[in-house]
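As structure tokens, the structure follows; a few thoughts come after it.
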Amino acid sequence: MRTPITEKINRLKIKRNAVILAHNYQEAEVQDLADFTGDSLELSRKAAQTQADVIVFCGVKFMAETAAILSPGKTVLIPDRHAGCPLSDMITAKQLIELKSKHPEAVVVCYVNSSAAVKAESDYCCTSANAVEIVNSIEPGKEIIFVPDQHLGRFVVEKTGRDMILWPGYCVTHAAITEDDVKQARAAHPGAIVMAHPDCTDPVKAICDQILSTGQMLKFALNSDAKSFITATETGIIHSLKKQNLGKEFFAASERAVCPNMKRITVEKVLWSLEDMNYKITVPEQIRIRAKNALDRMVAILPAK
Ligand code: SF4
């Protein structure tokens with residue numbers, strides 16, 4: 001819907017030659033404003049491909065950093081400078097260096113939900129969609145350090161049979177979804193398919209029907225003949241799912257699964273970001289190059305589809 005504020009944003013987008021990217025966990029009105037919505041890596045790839053000079057990244061800081069790593073020369077803005085990610089903050093580069101010093105032969109795989117400095121200390125980056133394939137590609141017998149999400153890490157251990165050293169980080173939003181929430185949602189919506197994100201805890205994953213990343217949930221719902229679904233992930237995904245699947249029903253396993261950092265971005269802040277060219281996300285070149293190596297190694301194993 002066009003409103004005075006969205007018209008102002010559109011005029012500024014033209015003036016600045018800007019593109020607006022929004023993660024699937026953003027507020028519905030922010031998603032509707034965006035040129036592209038998707039998961040963090042899809043959006044970073046969009047950022048790298050765009051001819052725009054300015055990228056307004058509606059998400060959290062590590063996502064805007066990933067866009068900046070892949071898009072040197074473009075201006076990457078985040079509309080709220082306090083939109084961080086507690087999971088990515090659970091490990092610092094210093095802590096990872098210390099862990100590596102205890103396991104000098106280990107290969108380091110880091111979830112994309114990590115800072116640029118942690119990516120720079122890693123051999124491979126991965127997403128929740130491709131973590132299993134990345135770990136499977138590592139030479140058998142090699143020691144593997146996996147950071148920072150223990151729940152995604154345990155899911156990968158189970159799928160690959162590889163015995164990894166896991167960092168005890170977790171996503172506070174996904175960890176807030178309980179087994180009871182899923183049971184109650186199933187009772188309220190009999191027959192609905194439960195899709196859980198790999199960042200959820202083991203008891204939740206044990207009773208779901210499908211374990212899927214956000215991008216995989218969108219594809220699965222689109223291709224499924226089922227008519228109703230329960231999502232065990234951040235509730236913002238429901239907006240994208242409903243938009244792409246008219247006639248199907250989607251329910252959140254828990255209304256508590258709201259990431260306060262994702263929800264910091266508002267339509268007004270997107271306007272102010274374009275007006276004032278704030279807040280610029282930059283990554284020091286020596287970190288950017290090393291972090292990009294970890295992302296490039298992931299893409300070399302799994303080329304972009
Ligand atoms: S949903 Fe979890 S992983 Fe994603 S930004 Fe929020 S805290 Fe971080």
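Note on naming: chains are A, B, ... as they come in the structure tokens, residues start from 1 per chain, ligands start from 1 in the order shown.
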
Set the cut-off to 7 Å, count only C-alpha atoms and all ligand atoms, and list whatever residues fall near ligand 1 as a ChimeraX atom specification. /A:60,84-88,113,171-174,234,259,261-262

Find the spatial neighbours of Gly38 in chain A, counting only C-alpha atoms, within a cut-off of 8 Å - ignore same-chain residues fewer than 4 positions away - and output them as a tab-separated table (two decimals) with all heavy atoms, in the first residue's frame.
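This is the output file out23.tsv:
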```tsv
chain	number	residue	atom	x	y	z
A	22	ALA	N	15.01	-7.09	2.86
A	22	ALA	CA	14.42	-7.38	4.18
A	22	ALA	C	14.43	-8.88	4.46
A	22	ALA	O	14.04	-9.69	3.61
A	22	ALA	CB	12.99	-6.86	4.26
A	23	HIS	N	14.88	-9.22	5.67
A	23	HIS	CA	14.87	-10.62	6.09
A	23	HIS	C	13.43	-11.07	6.35
A	23	HIS	O	12.57	-10.26	6.69
A	23	HIS	CB	15.72	-10.77	7.36
A	23	HIS	CG	16.00	-12.20	7.71
A	23	HIS	ND1	15.18	-12.92	8.55
A	23	HIS	CD2	16.98	-13.04	7.30
A	23	HIS	CE1	15.67	-14.15	8.67
A	23	HIS	NE2	16.76	-14.25	7.92
A	24	ASN	N	13.22	-12.39	6.21
A	24	ASN	CA	11.88	-12.97	6.42
A	24	ASN	C	11.36	-12.80	7.86
A	24	ASN	O	10.20	-13.06	8.11
A	24	ASN	CB	11.91	-14.48	6.14
A	24	ASN	CG	12.13	-14.79	4.69
A	24	ASN	OD1	11.55	-14.16	3.83
A	24	ASN	ND2	12.99	-15.77	4.40
A	42	GLU	N	20.72	-15.33	0.96
A	42	GLU	CA	20.05	-14.90	-0.29
A	42	GLU	C	20.14	-13.38	-0.43
A	42	GLU	O	20.41	-12.86	-1.52
A	42	GLU	CB	18.56	-15.27	-0.26
A	42	GLU	CG	18.21	-16.69	-0.59
A	42	GLU	CD	16.78	-17.04	-0.19
A	42	GLU	OE1	16.05	-16.20	0.36
A	42	GLU	OE2	16.41	-18.18	-0.43
A	43	LEU	N	19.90	-12.70	0.67
A	43	LEU	CA	19.90	-11.23	0.62
A	43	LEU	C	21.31	-10.70	0.36
A	43	LEU	O	21.48	-9.73	-0.39
A	43	LEU	CB	19.34	-10.65	1.92
A	43	LEU	CG	17.85	-10.94	2.15
A	43	LEU	CD1	17.41	-10.34	3.48
A	43	LEU	CD2	16.98	-10.39	1.04
A	215	GLY	N	14.37	-20.60	4.23
A	215	GLY	CA	14.20	-20.72	2.77
A	215	GLY	C	13.58	-22.05	2.40
A	215	GLY	O	12.71	-22.14	1.52
```

Residues within 10 Å of range 281-289 of chain A, only C-alpha atoms, excluding chain neighbours under 3 positions, as a PyMOL selection string: chain A and resi 57+61-62+64-70+72+74-78+81+116-121+278+292-295

Would you put the residues from that selection into a file with N, CA, C and O atoms, as an mmCIF file, in the first residue's frame?
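Generated output (part-v5.cif):
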```cif
data_model
loop_
_atom_site.group_PDB
_atom_site.id
_atom_site.type_symbol
_atom_site.label_atom_id
_atom_site.label_comp_id
_atom_site.auth_asym_id
_atom_site.auth_seq_id
_atom_site.Cartn_x
_atom_site.Cartn_y
_atom_site.Cartn_z
ATOM 1 N N PHE A 57 19.771 -2.569 4.509
ATOM 2 C CA PHE A 57 19.596 -3.957 4.942
ATOM 3 C C PHE A 57 18.689 -3.983 6.170
ATOM 4 O O PHE A 57 19.095 -3.566 7.257
ATOM 5 N N LYS A 61 22.778 -6.937 12.463
ATOM 6 C CA LYS A 61 24.089 -6.446 12.050
ATOM 7 C C LYS A 61 24.933 -7.476 11.281
ATOM 8 O O LYS A 61 25.562 -7.141 10.290
ATOM 9 N N PHE A 62 24.939 -8.747 11.745
ATOM 10 C CA PHE A 62 25.825 -9.699 11.043
ATOM 11 C C PHE A 62 25.400 -9.860 9.583
ATOM 12 O O PHE A 62 26.223 -10.145 8.713
ATOM 13 N N ALA A 64 24.016 -7.418 7.647
ATOM 14 C CA ALA A 64 24.497 -6.244 6.918
ATOM 15 C C ALA A 64 26.010 -6.353 6.714
ATOM 16 O O ALA A 64 26.534 -5.992 5.651
ATOM 17 N N GLU A 65 26.701 -6.914 7.703
ATOM 18 C CA GLU A 65 28.160 -7.117 7.565
ATOM 19 C C GLU A 65 28.456 -8.091 6.431
ATOM 20 O O GLU A 65 29.392 -7.889 5.658
ATOM 21 N N THR A 66 27.654 -9.162 6.349
ATOM 22 C CA THR A 66 27.889 -10.145 5.276
ATOM 23 C C THR A 66 27.689 -9.482 3.916
ATOM 24 O O THR A 66 28.453 -9.729 2.973
ATOM 25 N N ALA A 67 26.681 -8.611 3.825
ATOM 26 C CA ALA A 67 26.469 -7.869 2.574
ATOM 27 C C ALA A 67 27.688 -6.993 2.282
ATOM 28 O O ALA A 67 28.153 -6.916 1.137
ATOM 29 N N ALA A 68 28.219 -6.346 3.311
ATOM 30 C CA ALA A 68 29.388 -5.476 3.125
ATOM 31 C C ALA A 68 30.628 -6.290 2.724
ATOM 32 O O ALA A 68 31.445 -5.835 1.917
ATOM 33 N N ILE A 69 30.746 -7.516 3.261
ATOM 34 C CA ILE A 69 31.886 -8.382 2.909
ATOM 35 C C ILE A 69 31.822 -8.737 1.426
ATOM 36 O O ILE A 69 32.825 -8.731 0.713
ATOM 37 N N LEU A 70 30.609 -9.026 0.945
ATOM 38 C CA LEU A 70 30.447 -9.470 -0.444
ATOM 39 C C LEU A 70 30.323 -8.307 -1.424
ATOM 40 O O LEU A 70 30.377 -8.514 -2.632
ATOM 41 N N PRO A 72 32.073 -4.932 -1.609
ATOM 42 C CA PRO A 72 32.928 -3.771 -1.333
ATOM 43 C C PRO A 72 32.618 -2.694 -2.369
ATOM 44 O O PRO A 72 32.311 -3.000 -3.501
ATOM 45 N N LYS A 74 30.066 -0.752 -2.254
ATOM 46 C CA LYS A 74 28.690 -0.288 -2.087
ATOM 47 C C LYS A 74 28.516 0.222 -0.655
ATOM 48 O O LYS A 74 29.238 -0.202 0.247
ATOM 49 N N THR A 75 27.568 1.114 -0.479
ATOM 50 C CA THR A 75 27.279 1.606 0.865
ATOM 51 C C THR A 75 26.181 0.740 1.457
ATOM 52 O O THR A 75 25.098 0.631 0.889
ATOM 53 N N VAL A 76 26.493 0.091 2.579
ATOM 54 C CA VAL A 76 25.500 -0.768 3.243
ATOM 55 C C VAL A 76 25.012 -0.045 4.499
ATOM 56 O O VAL A 76 25.816 0.357 5.348
ATOM 57 N N LEU A 77 23.692 0.126 4.582
ATOM 58 C CA LEU A 77 23.094 0.817 5.731
ATOM 59 C C LEU A 77 22.207 -0.136 6.515
ATOM 60 O O LEU A 77 21.526 -0.977 5.913
ATOM 61 N N ILE A 78 22.205 0.008 7.828
ATOM 62 C CA ILE A 78 21.232 -0.713 8.665
ATOM 63 C C ILE A 78 20.399 0.371 9.363
ATOM 64 O O ILE A 78 20.958 1.307 9.942
ATOM 65 N N ARG A 81 21.011 0.946 14.468
ATOM 66 C CA ARG A 81 22.380 0.465 14.747
ATOM 67 C C ARG A 81 22.428 -0.494 15.923
ATOM 68 O O ARG A 81 23.442 -1.116 16.187
ATOM 69 N N ALA A 116 31.827 -10.621 11.436
ATOM 70 C CA ALA A 116 32.835 -10.670 10.362
ATOM 71 C C ALA A 116 34.164 -11.152 10.933
ATOM 72 O O ALA A 116 34.892 -11.917 10.286
ATOM 73 N N ALA A 117 34.484 -10.723 12.166
ATOM 74 C CA ALA A 117 35.771 -11.104 12.769
ATOM 75 C C ALA A 117 35.824 -12.608 13.031
ATOM 76 O O ALA A 117 36.885 -13.235 12.883
ATOM 77 N N VAL A 118 34.691 -13.217 13.424
ATOM 78 C CA VAL A 118 34.649 -14.673 13.638
ATOM 79 C C VAL A 118 34.718 -15.392 12.283
ATOM 80 O O VAL A 118 35.433 -16.396 12.141
ATOM 81 N N LYS A 119 34.038 -14.867 11.288
ATOM 82 C CA LYS A 119 34.133 -15.481 9.945
ATOM 83 C C LYS A 119 35.592 -15.467 9.469
ATOM 84 O O LYS A 119 36.070 -16.418 8.851
ATOM 85 N N ALA A 120 36.284 -14.361 9.780
ATOM 86 C CA ALA A 120 37.678 -14.232 9.333
ATOM 87 C C ALA A 120 38.579 -15.296 9.955
ATOM 88 O O ALA A 120 39.605 -15.663 9.389
ATOM 89 N N GLU A 121 38.194 -15.804 11.130
ATOM 90 C CA GLU A 121 38.987 -16.851 11.811
ATOM 91 C C GLU A 121 38.529 -18.259 11.416
ATOM 92 O O GLU A 121 39.012 -19.234 11.976
ATOM 93 N N ASN A 278 22.322 6.710 7.230
ATOM 94 C CA ASN A 278 22.744 6.055 8.469
ATOM 95 C C ASN A 278 22.114 4.672 8.561
ATOM 96 O O ASN A 278 21.022 4.493 8.028
ATOM 97 N N LYS A 292 35.618 -13.184 3.651
ATOM 98 C CA LYS A 292 35.096 -13.522 2.317
ATOM 99 C C LYS A 292 35.625 -14.898 1.879
ATOM 100 O O LYS A 292 34.921 -15.652 1.214
ATOM 101 N N ASN A 293 36.858 -15.227 2.275
ATOM 102 C CA ASN A 293 37.402 -16.550 1.939
ATOM 103 C C ASN A 293 36.506 -17.661 2.478
ATOM 104 O O ASN A 293 36.243 -18.646 1.789
ATOM 105 N N ALA A 294 36.042 -17.488 3.738
ATOM 106 C CA ALA A 294 35.175 -18.514 4.352
ATOM 107 C C ALA A 294 33.846 -18.602 3.603
ATOM 108 O O ALA A 294 33.312 -19.700 3.389
ATOM 109 N N LEU A 295 33.320 -17.457 3.188
ATOM 110 C CA LEU A 295 32.063 -17.466 2.416
ATOM 111 C C LEU A 295 32.298 -18.056 1.024
ATOM 112 O O LEU A 295 31.487 -18.846 0.520
#
```

Grab the CA of Ser128 in chain A to CA of Val30 in chain A distance for me, in Å with one decimal place. 23.5 Å

Contacts of His197 in chain A at 6 Å or less, counting only C-alpha atoms, minus same-chain residues fewer than 6 places along, as a PyMOL selection string? chain A and resi 211-213+233

May I have the selected residues written with N, CA and C atoms, as a PDB file, in the first residue's frame?
```
ATOM      1  N   ILE A 211      12.454 -30.669   9.507  1.00  0.00           N
ATOM      2  CA  ILE A 211      13.444 -29.725  10.032  1.00  0.00           C
ATOM      3  C   ILE A 211      13.982 -28.955   8.828  1.00  0.00           C
ATOM      4  N   LEU A 212      13.689 -27.658   8.787  1.00  0.00           N
ATOM      5  CA  LEU A 212      13.948 -26.882   7.580  1.00  0.00           C
ATOM      6  C   LEU A 212      14.455 -25.481   7.927  1.00  0.00           C
ATOM      7  N   SER A 213      15.355 -24.958   7.091  1.00  0.00           N
ATOM      8  CA  SER A 213      15.746 -23.546   7.215  1.00  0.00           C
ATOM      9  C   SER A 213      14.570 -22.682   6.750  1.00  0.00           C
ATOM     10  N   THR A 233       9.682 -21.323  14.377  1.00  0.00           N
ATOM     11  CA  THR A 233      10.761 -20.380  14.064  1.00  0.00           C
ATOM     12  C   THR A 233      10.233 -18.984  14.365  1.00  0.00           C
TER      13      THR A 233
END
```

Given the choices A:Pro4, A:Gly247, A:Pro260, A:Pro203, which gets closest to Thr235 in chain A if the distance is worked out from only C-alpha atoms? A:Pro260
